[in-house]
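Trainee: Got a structure here, written out as structure tokens. Questions coming.
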Amino acid sequence: MPEWFIPFLLSVVTASTPFVFAGIGELVVEKSGVLNLGVEGMMIVGAVSAFAAGVTTGSGPLAVFTGAFAGAAMALIFGVLTLYLLSNQVATGLALTLFGLGLSALMGHGMVGKTFPGLPHLEFPLLEQIPVIGPLIGTLLLGHDVLVYFSVVLVIAVGWFLNKSRAGMVLRAVGENHNAAHSIGYPVNLVRLLAVLFGGAMAGLGGAYLSLVHTPLWVENMTAGRGWIALALVVFASWRPARVFVGAYLFGGLTIMQLHAQGLGIEIPPQVLAMAPYLATIVVLVIISRDSALVRLNAPACLGKSFHATG
Amino acid sequence: MLVRLENRGEISKTMVYASPFIAVVLTLIAGVFLFALLGVNPVEAILSFFITPISTLDGFAELFVKGTPLVLIAVGLSFGFQANVWNIGAEGQLTVGALAGGGLALLFFESESLFLLPAMAAAGILGGMAWAAIPAFLKTRYNTNEILTSLMLVYVALLLLSYLIHGPWKDPEGQNFPESRLFPDAGILPVMIETTRMHVGWLFALAAVATGWILIARHVIGFQIRVTGMAPMAASFAGFKEKRIIWITLLMSGGAAGLAGMVEVSGPIQQIVPNISPGYGFTAIIVAFLGRLHPVGVLFAGLLMALTYLGGENAQIEMNLPNAVTGVFQGMLLFFLLAADVLIKYRVKFGGPKTAGAAEGAG
């Protein structure tokens with residue numbers, strides 16, 4: 001096994017985890033029938049808030065919580081506008097992203113150049129001393145930070161929630177047919193607002209992971225389109241949680257491969273390699289959406305439509 | 001619930017036009033709070049942001065320099081937005097247009113020909129169109145969401161720009177900076193008012209507004225675009241080809257954004273640099289909505305948004321405020337606009353609903 005292999009796999013995990021959080025959050029939002037294109041904006045505000053909290057207080061948990069909270073706060077603006085003031089979801093989502101990019105740059109003005117030590121990792125020194133499989137199991141399965149495990153638990157929990165729990169059924173019903181759901185007495189807008197807030201918190205968490213663990217630095221526009229890729233992931237996954245997880249790791253792997261390709265002596269300009277995740281997103285979207293019947297079958301029927309209860 | 005929305009049953013024309021003004025006033029009020037939060041004198045900051053920048057001839061002319069790309073792009077986008085075709089990759093189309101137009105100037109860097117500028121403009125338009133043709137093709141052929149593809153192509157275009165100026169297009173006589181050589185005089189847009197930077201690109205913006213107005217008011221395609229957006233079923237019954245509308249709106253907006261890119265590099269910048277646009281392609285989305293998706297509205301909205309750029313720069317110099325305030329103002333303006341737009345279709349009613357069941361789900 002080559003020297004670089006374990007660090008490589010570890011960096012894939014680190015690069016993929018933000019996609020898992022943001023993707024699974026948006027999946028729940030879309031399942032409730034709401035299309036929030038503001039993932040990028042919520043993510044970047046989550047990133048800067050978490051970083052600021054981490055640098056000021058030095059507390060990892062507090063930083064993570066702040067990131068999620070900031071994402072949810074951003075989502076609240078979107079929720080109020082689209083659900084209660086019935087604004088266009090596409091336009092409002094774009095507004096959220098534009099606003100988030102500006103706000104994060106303003107908030108992060110004094111944060112440039114500071115560092116955060118990162119989140120604590122689990123360590124198993126004895127296990128790692130076992131030859132060959134020791135490092136493999138020790139570092140790859142057990143040596144991550146808490147958020148990586150949380151992301152796995154989250155995917156399983158969301159899968160269970162949507163398919164097995166009563167509340168999850170209500171959420172799906174609201175996303176499939178809001179008029180029917182309303183007429184049997186489900187609070188359509190409340191369900192959607194909760195879903196939107198959850199999506200915002202998860203996007204914020206994904207952003208927090210970027211600035212606290214992945215870099216760990218604050219750089220303007222550091223999300224670099226990851227929020228948009230997370231949106232594409234949900235389509236790629238045909239709105240299924242487990243597939244969001246797989247997709248997140250595919251894209252995480254791709255971003256890391258692009259960084260390592262140069263180290264391996266591949267003679268391609270770095271800018272061309274850096275195009276890979278974006279081009280791959282387009283290719284993946286084309287493959288998935290080519291079959292329009294399949295997309296219609298999987299996509300929540302009320303996705304992107306406003307709901308206004310009339311007497 | 002004591003406040004509820006009641007459907008007007010028709011669109012309020014008054015509110016369509018009043019809403020942008022309400023949004024601007026609310027943004028200013030929010031701006032006062034924002035500045036107070038940042039620890040500066042709000043009145044001073046508002047003056048420094050919105051008044052001082054245009055109090056000189058130079059500054060006033062700068063309004064048109066910044067307004068040109070915004071108006072050009074937003075006129076193009078507003079057609080697509082009316083038809084529910086969401087091209088949000090104008091920033092990428094602008095970049096490719098700048099590369100195509102600017103590339104021509106670099107290729108003929110010793111040219112003195114009068115044809116260079118028109119050729120650059122044409123190349124810019126074609127470059128932007130080509131970049132927008134990708135999402136159009138993928139949408140019409142493979143049903144792929146144009147929002148995501150056009151946005152992804154922004155990143156690809158910016159990386160292409162970065163590759164070119166770090167590699168083949170780098171100035172051979174420069175000091176290894178990632179910049180191209182300067183364009184020849186024949187490839188630079190003439191200035192309209194001496195001593196300022198205001199160039200003839202503004203005339204392109206005015207021409208785009210006029211063309212857009214004619215299309216929307218007089219031409220059948222403008223009508224088809226509006227019907228497709230408002231009533232897709234009716235449009236297909238009437239025989240309007242949805243795919244044709246997608247192609248036309250994307251090519252128009254891409255071409256306009258490409259021209260804006262060419263105007264930027266051959267007007268104010270005069271060479272190819274790593275940062276051609278401070279996000280004009282995205283800000284133009286706000287301009288389009290603020291201008292009510294109408295070319296004439298876009299004209300005024302574009303100048304207002306240009307002012308936020310100037311204000312940001314000025315407040316940075318005068319008051320040491322971060323330039324990012326501009327982005328926050330622009331975002332807030334769009335939020336307030338979208339919120340105020342609810343009044344177009346609904347009126348606010350105070351007091352409980354007339355019938356018991358009416359507002360149950362709204363709570």
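We label chains A, B, ... in the order they appear in the structure tokens, count residues from 1 in each chain, and number ligands from 1 in the order shown.
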Go through range 269-321 of chain B and collect every residue that DSSP, computed from the backbone, puts in helix (DSSP H, G or I); the answer should be as a count of residues only.
Mentor: 37
Trainee: What lies within 7 Å of Leu233 in chain A using only C-alpha atoms, ignoring chain neighbours under 3 positions off, as a PDB file with C-alpha atoms, in the first residue's frame?
Mentor:
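Saved file out-v4.pdb follows:
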ATOM      1  CA  GLY A  23     -27.274  17.516   0.248  1.00  0.00           C
ATOM      2  CA  ILE A 229     -23.250  20.946  -6.401  1.00  0.00           C
ATOM      3  CA  ALA A 230     -25.238  19.810  -3.342  1.00  0.00           C
ATOM      4  CA  PHE A 236     -28.532  12.843  -8.953  1.00  0.00           C
ATOM      5  CA  ALA A 237     -29.778  10.869  -5.959  1.00  0.00           C
ATOM      6  CA  VAL A 244     -27.065  11.468  -1.611  1.00  0.00           C
ATOM      7  CA  GLY A 247     -23.019  11.004  -4.580  1.00  0.00           C
TER       8      GLY A 247
END
Trainee: Can you tell me which residues surround Pro42 in chain B at a distance of at most 12 Å, considering only C-alpha atoms, apart from same-chain residues fewer than 3 positions away, and format the answer as a list in words?
Mentor: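 The filter keeps Leu28, Ile29, Ala30, Gly31, Val32, Phe33, Leu34, Phe35, Ala36, Leu37, Leu38, Gly39, Ala45, Ile46, Leu47, Ser48, Phe49, Phe50, Ala315, Met319 and Leu321 of chain B.
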Trainee: Mind giving me the straight-line distance from CA of Gly76 in chain B to CA of Met252 in chain B in Å, one decimal?
Mentor: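 Interatomic distance here is 5.7 Å.
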Trainee: Residues of chain A were defined as contacting chain B if any atom lay at most 7 Å from it, counting only C-alpha atoms; please report them as an MDAnalysis selection string.
Mentor: chainID A and resid 81 85:87 95 98:99 102:103 105:106 109 182 187:189 228 232 271 275 278 282 285:286 289:290 292 308:311
Trainee: Show me, as number ranges by chain, the residues that have an atom within 10 Å of range 181-196 of chain B when counting only C-alpha atoms, minus same-chain residues fewer than 3 positions from it.
Mentor: B: 57-62, 65, 101-121, 165, 169-174, 178, 199-203, 262-273
Trainee: Can you pull out every residue within 10 Å of Ile221 in chain B, counting only C-alpha atoms, but drop anything in the same chain fewer than 5 positions away, and send it as a ChimeraX atom specification?
Mentor: /B:215-216,226-227,240,245,248-249
Trainee: So that I can see what lies close to Ser49 in chain A, please list as an NGL selection string the residues with an atom at most 12 Å from it, counting only C-alpha atoms and leaving out residues fewer than 2 positions away in the same chain.
Mentor: :A and (42-47 or 51-57 or 62-74 or 100 or 103-109 or 111 or 204-212 or 218)
Trainee: Find the residues near Ser16 in chain A: any atom within 6 Å, counting only C-alpha atoms, skip ones fewer than 2 places away on the same chain, and give them as an mmCIF file with N, CA, C and O atoms, in the first residue's frame.
Mentor:
data_model
loop_
_atom_site.group_PDB
_atom_site.id
_atom_site.type_symbol
_atom_site.label_atom_id
_atom_site.label_comp_id
_atom_site.auth_asym_id
_atom_site.auth_seq_id
_atom_site.Cartn_x
_atom_site.Cartn_y
_atom_site.Cartn_z
ATOM 1 N N VAL A 12 -10.499 12.519 1.305
ATOM 2 C CA VAL A 12 -11.771 12.330 0.603
ATOM 3 C C VAL A 12 -12.935 12.449 1.590
ATOM 4 O O VAL A 12 -13.936 13.106 1.313
ATOM 5 N N VAL A 13 -12.780 11.828 2.750
ATOM 6 C CA VAL A 13 -13.839 11.903 3.770
ATOM 7 C C VAL A 13 -14.090 13.360 4.154
ATOM 8 O O VAL A 13 -15.227 13.820 4.224
ATOM 9 N N THR A 14 -13.000 14.098 4.369
ATOM 10 C CA THR A 14 -13.134 15.496 4.777
ATOM 11 C C THR A 14 -13.802 16.325 3.694
ATOM 12 O O THR A 14 -14.617 17.196 3.975
ATOM 13 N N PRO A 18 -19.030 17.900 3.841
ATOM 14 C CA PRO A 18 -19.903 19.065 3.614
ATOM 15 C C PRO A 18 -21.004 18.783 2.593
ATOM 16 O O PRO A 18 -22.131 19.244 2.756
ATOM 17 N N PHE A 19 -20.681 17.999 1.568
ATOM 18 C CA PHE A 19 -21.699 17.643 0.570
ATOM 19 C C PHE A 19 -22.804 16.801 1.201
ATOM 20 O O PHE A 19 -23.977 16.947 0.866
ATOM 21 N N ALA A 248 -22.267 12.256 -2.641
ATOM 22 C CA ALA A 248 -21.383 13.184 -1.924
ATOM 23 C C ALA A 248 -19.959 12.653 -1.935
ATOM 24 O O ALA A 248 -19.007 13.403 -2.152
ATOM 25 N N TYR A 249 -19.801 11.346 -1.745
ATOM 26 C CA TYR A 249 -18.448 10.778 -1.721
ATOM 27 C C TYR A 249 -17.844 10.733 -3.118
ATOM 28 O O TYR A 249 -16.629 10.888 -3.268
ATOM 29 N N GLY A 252 -16.787 14.352 -3.545
ATOM 30 C CA GLY A 252 -15.668 14.609 -2.645
ATOM 31 C C GLY A 252 -14.402 13.978 -3.199
ATOM 32 O O GLY A 252 -13.340 14.603 -3.236
#
Trainee: Grab the CA of Val80 in chain A to CA of Val85 in chain B distance for me, in Å with one decimal place.
Mentor: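 Taking CA of Val80 in chain A and CA of Val85 in chain B, their separation equals 24.6 Å.
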